[in-house]
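Chemist: This is the structure, below, for whatever I ask next.
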Amino acid sequence: MLDRIRAEIAHWNKTDRLVANGTRLYWTDHPRVSHHYRRKALIDGLPWRTRIPQALGGPAEYALELGCGSGENTHATWRAGTARHVTGIDLDDSRFAEVRSGMKSQGAPVSFQAADIDHLSLEPSRYGLIYAIQSFHHFERLEHICAEISKALVPGGFFVLDEFVGPARFQWTDKQLALTAQLLGLMPRPLRMYANGIEKRAEGRSTPEQVIQVCPSEAIRSNEIVQVFRDHFDVVHEKNLGGTIQHLLYSGIVQNFPDDDEATNIMVDSINSLEELFIDSGVLPSDFMLLIGRKRGT
């Protein structure tokens, strides 16, 4: 269980999520799982980085990423033509040293700042786009941050979240744990084996104290993100990205699923379809969502 939390932290930091022997850690590290996640995030058939400039009538002049980790996504936003100038903010500036050096050598208009996002103060009416990718669930002062974002957006500007919005401190519900265990029971045994040789029969639930011990900010108010977002922005898109079962199911065993294997792809597709059915029918919530809002009143 705690190894999975450490994988979450690696994903948030935007570090290389593969360990030295090439083992995958995070549930969307498998290309077929990632394909479904990205497909569900499309807007009119386009990723948000392409769709936002269309809605703005061109690239945002200035964009800001909150919790940019190593800065890879900050760079990707500029490369995609989503914004002409992009700034990434994170608490530890050592995380983006390598990307910053590479961008400087290319002369790219990408910059990075070290700051505590929970105590953020932003320049008014500065950004056409502000976004966060799998980092917002580490922030505690959600209302303050959203108020600063709203202040900092230009009229008509967008705020985008690709985010974990599931149970705070990873306190999985009994229902999602039971469904995960049932699906594990249907898998071939070799796919269920942890790297240490132990068979995975169920996903556990760490105590809040255990989660805090590994990472004090982990999923601190994740279950409140959607409502706070709705309270501060005019919602343009809310898209369910799933993960309520798959996030737990593939934890610790995703490395066992080969790429470009027909049988594996059929299994992944079936699991994804079942999860979608549970979410669409209201049996389960979606633990991951794409939220896109506009500055209120514009």
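We label chains A, B, ... in the order they appear in the structure tokens, count residues from 1 in each chain, and number ligands from 1 in the order shown.
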Would you mind listing what lies within 7 Å of range 205-212 of chain A as number ranges by chain, with only C-alpha atoms counted and same-chain residues fewer than 2 positions away left out?

Modeler: A: 1, 169, 171-172, 203, 214-218

Chemist: Take the residues just selected and output them with N, CA, C and O atoms as a short mmCIF file (atom, residue, chain, number, x, y, z; two decimals), in the first residue's frame.

Modeler:
```
data_model
loop_
_atom_site.label_atom_id
_atom_site.label_comp_id
_atom_site.auth_asym_id
_atom_site.auth_seq_id
_atom_site.Cartn_x
_atom_site.Cartn_y
_atom_site.Cartn_z
N MET A 1 0.82 -1.20 0.00
CA MET A 1 0.00 0.00 0.00
C MET A 1 0.86 1.26 0.00
O MET A 1 0.61 2.19 -0.76
N ARG A 169 -6.98 11.41 1.60
CA ARG A 169 -6.01 10.52 2.24
C ARG A 169 -6.15 9.07 1.77
O ARG A 169 -5.80 8.14 2.48
N GLN A 171 -8.70 7.14 1.38
CA GLN A 171 -9.57 6.28 2.17
C GLN A 171 -10.63 5.65 1.26
O GLN A 171 -11.78 6.06 1.23
N TRP A 172 -10.19 4.64 0.52
CA TRP A 172 -11.04 3.98 -0.46
C TRP A 172 -12.32 3.47 0.18
O TRP A 172 -12.33 3.00 1.32
N GLU A 203 -6.73 -4.98 -2.90
CA GLU A 203 -6.00 -3.74 -2.62
C GLU A 203 -6.32 -3.31 -1.21
O GLU A 203 -7.48 -3.38 -0.77
N VAL A 214 4.04 9.12 4.89
CA VAL A 214 4.78 9.06 3.63
C VAL A 214 4.81 10.43 2.96
O VAL A 214 5.84 10.87 2.45
N CYS A 215 3.66 11.12 2.96
CA CYS A 215 3.57 12.43 2.32
C CYS A 215 2.48 13.26 3.01
O CYS A 215 1.29 12.97 2.82
N PRO A 216 2.84 14.26 3.79
CA PRO A 216 1.85 15.02 4.54
C PRO A 216 0.78 15.70 3.69
O PRO A 216 -0.33 15.95 4.16
N SER A 217 1.10 16.00 2.44
CA SER A 217 0.14 16.70 1.59
C SER A 217 -0.69 15.76 0.72
O SER A 217 -1.58 16.23 0.01
N GLU A 218 -0.44 14.46 0.77
CA GLU A 218 -1.09 13.54 -0.16
C GLU A 218 -2.60 13.54 0.01
O GLU A 218 -3.13 13.26 1.09
#
```

Chemist: Please list as a PyMOL selection string every residue within 9 Å of range 177-189 of chain A, counting only C-alpha atoms and excluding residues in the same chain fewer than 4 positions away.

Modeler: chain A and resi 172-173+193+199-205+245-246+248-249+267+271

Chemist: Dump as JSON lines the rows for residues of range 31-115 of chain A within 8 Å of range 120-138 of chain A: closest atom pair and distance in Å with one decimal, only C-alpha atoms counted, ordered by chain and rising residue number.

Modeler:
```
{"residue": "A:Ala60", "atom": "CA", "partner": "A:Gly128", "partner_atom": "CA", "distance": 4.9}
{"residue": "A:Glu61", "atom": "CA", "partner": "A:Gly128", "partner_atom": "CA", "distance": 6.5}
{"residue": "A:Tyr62", "atom": "CA", "partner": "A:Tyr127", "partner_atom": "CA", "distance": 5.0}
{"residue": "A:Ala63", "atom": "CA", "partner": "A:Leu129", "partner_atom": "CA", "distance": 4.7}
{"residue": "A:Leu64", "atom": "CA", "partner": "A:Ile130", "partner_atom": "CA", "distance": 4.7}
{"residue": "A:Glu65", "atom": "CA", "partner": "A:Tyr131", "partner_atom": "CA", "distance": 5.0}
{"residue": "A:Leu66", "atom": "CA", "partner": "A:Ala132", "partner_atom": "CA", "distance": 5.1}
{"residue": "A:Gly67", "atom": "CA", "partner": "A:Ser135", "partner_atom": "CA", "distance": 5.4}
{"residue": "A:Cys68", "atom": "CA", "partner": "A:Ala132", "partner_atom": "CA", "distance": 7.5}
{"residue": "A:Ala83", "atom": "CA", "partner": "A:Leu129", "partner_atom": "CA", "distance": 7.9}
{"residue": "A:Ala115", "atom": "CA", "partner": "A:Leu120", "partner_atom": "CA", "distance": 7.3}
```

Chemist: Which residues, written as a ChimeraX atom specification, have at least one atom at most 12 Å from range 224-226 of chain A, with only C-alpha atoms counted and residues fewer than 3 positions away on the same chain left out?

Modeler: /A:134-143,145-146,160-169,219-221,229-233,235,237-240,285-293

Chemist: Just asking: which residues within range 89-239 of chain A are strand (DSSP E) according to DSSP, as a ChimeraX atom specification?

Modeler: /A:89-90,110-114,127-133,153-164,233-239

Chemist: Using DSSP secondary structure from the backbone, list all helix (DSSP H, G or I) positions within range 72-297 of chain A, as a PyMOL selection string.

Modeler: chain A and resi 72-79+93-106+117-119+136-138+142-152+168-170+174-186+189-192+208-214+222-232+246-249+254-256+262-280

Chemist: Pick the closest to Gly242 in chain A from A:Ile117, A:Leu284, A:Pro47, A:Pro258: which is it, counting only C-alpha atoms?

Modeler: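 Going through A:Ile117, A:Leu284, A:Pro47, A:Pro258 one by one, the smallest distance to Gly242 in chain A is for A:Leu284.
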
Chemist: Which distance in Å separates CA of Ala195 in chain A and CA of Gly252 in chain A, to one decimal?

Modeler: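 CA of Gly252 in chain A lies at a distance of 7.6 Å from CA of Ala195 in chain A.
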
Chemist: Could you check which of A:Gly243, A:Gly282, A:Gly71, A:Gly157 is closest to Arg296 in chain A, using only C-alpha atoms?

Modeler: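 Under the stated criterion, the closest residue is A:Gly157.
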
Chemist: For a quick check of understanding, using only C-alpha atoms, which of A:Tyr26, A:Thr50, A:Gly57, A:Pro31 has the smallest distance to Thr264 in chain A?

Modeler: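 When distances to Thr264 in chain A are compared using only C-alpha atoms, the smallest one comes from A:Pro31.
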
Chemist: What does the structure give for the distance between CA of Gln227 in chain A and CA of Asp90 in chain A, in Å to one decimal?

Modeler: 24.0 Å

Chemist: What is the distance between CA of Gly88 in chain A and CA of Val236 in chain A, in Å to one decimal?

Modeler: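 Atom-to-atom, CA of Gly88 in chain A and CA of Val236 in chain A are spaced 23.7 Å apart.
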
Chemist: Nearest to His35 in chain A: which of A:Asn272, A:Gln255, A:Ser105, A:Ser281 is it, counting only C-alpha atoms?

Modeler: A:Asn272

Chemist: Point out the residue among A:Leu241, A:Ala108, A:Leu56, A:Ala147 with the least atom-to-atom distance to Arg39 in chain A, counting only C-alpha atoms.

Modeler: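 Using only C-alpha atoms, the shortest distance to Arg39 in chain A belongs to A:Leu241.
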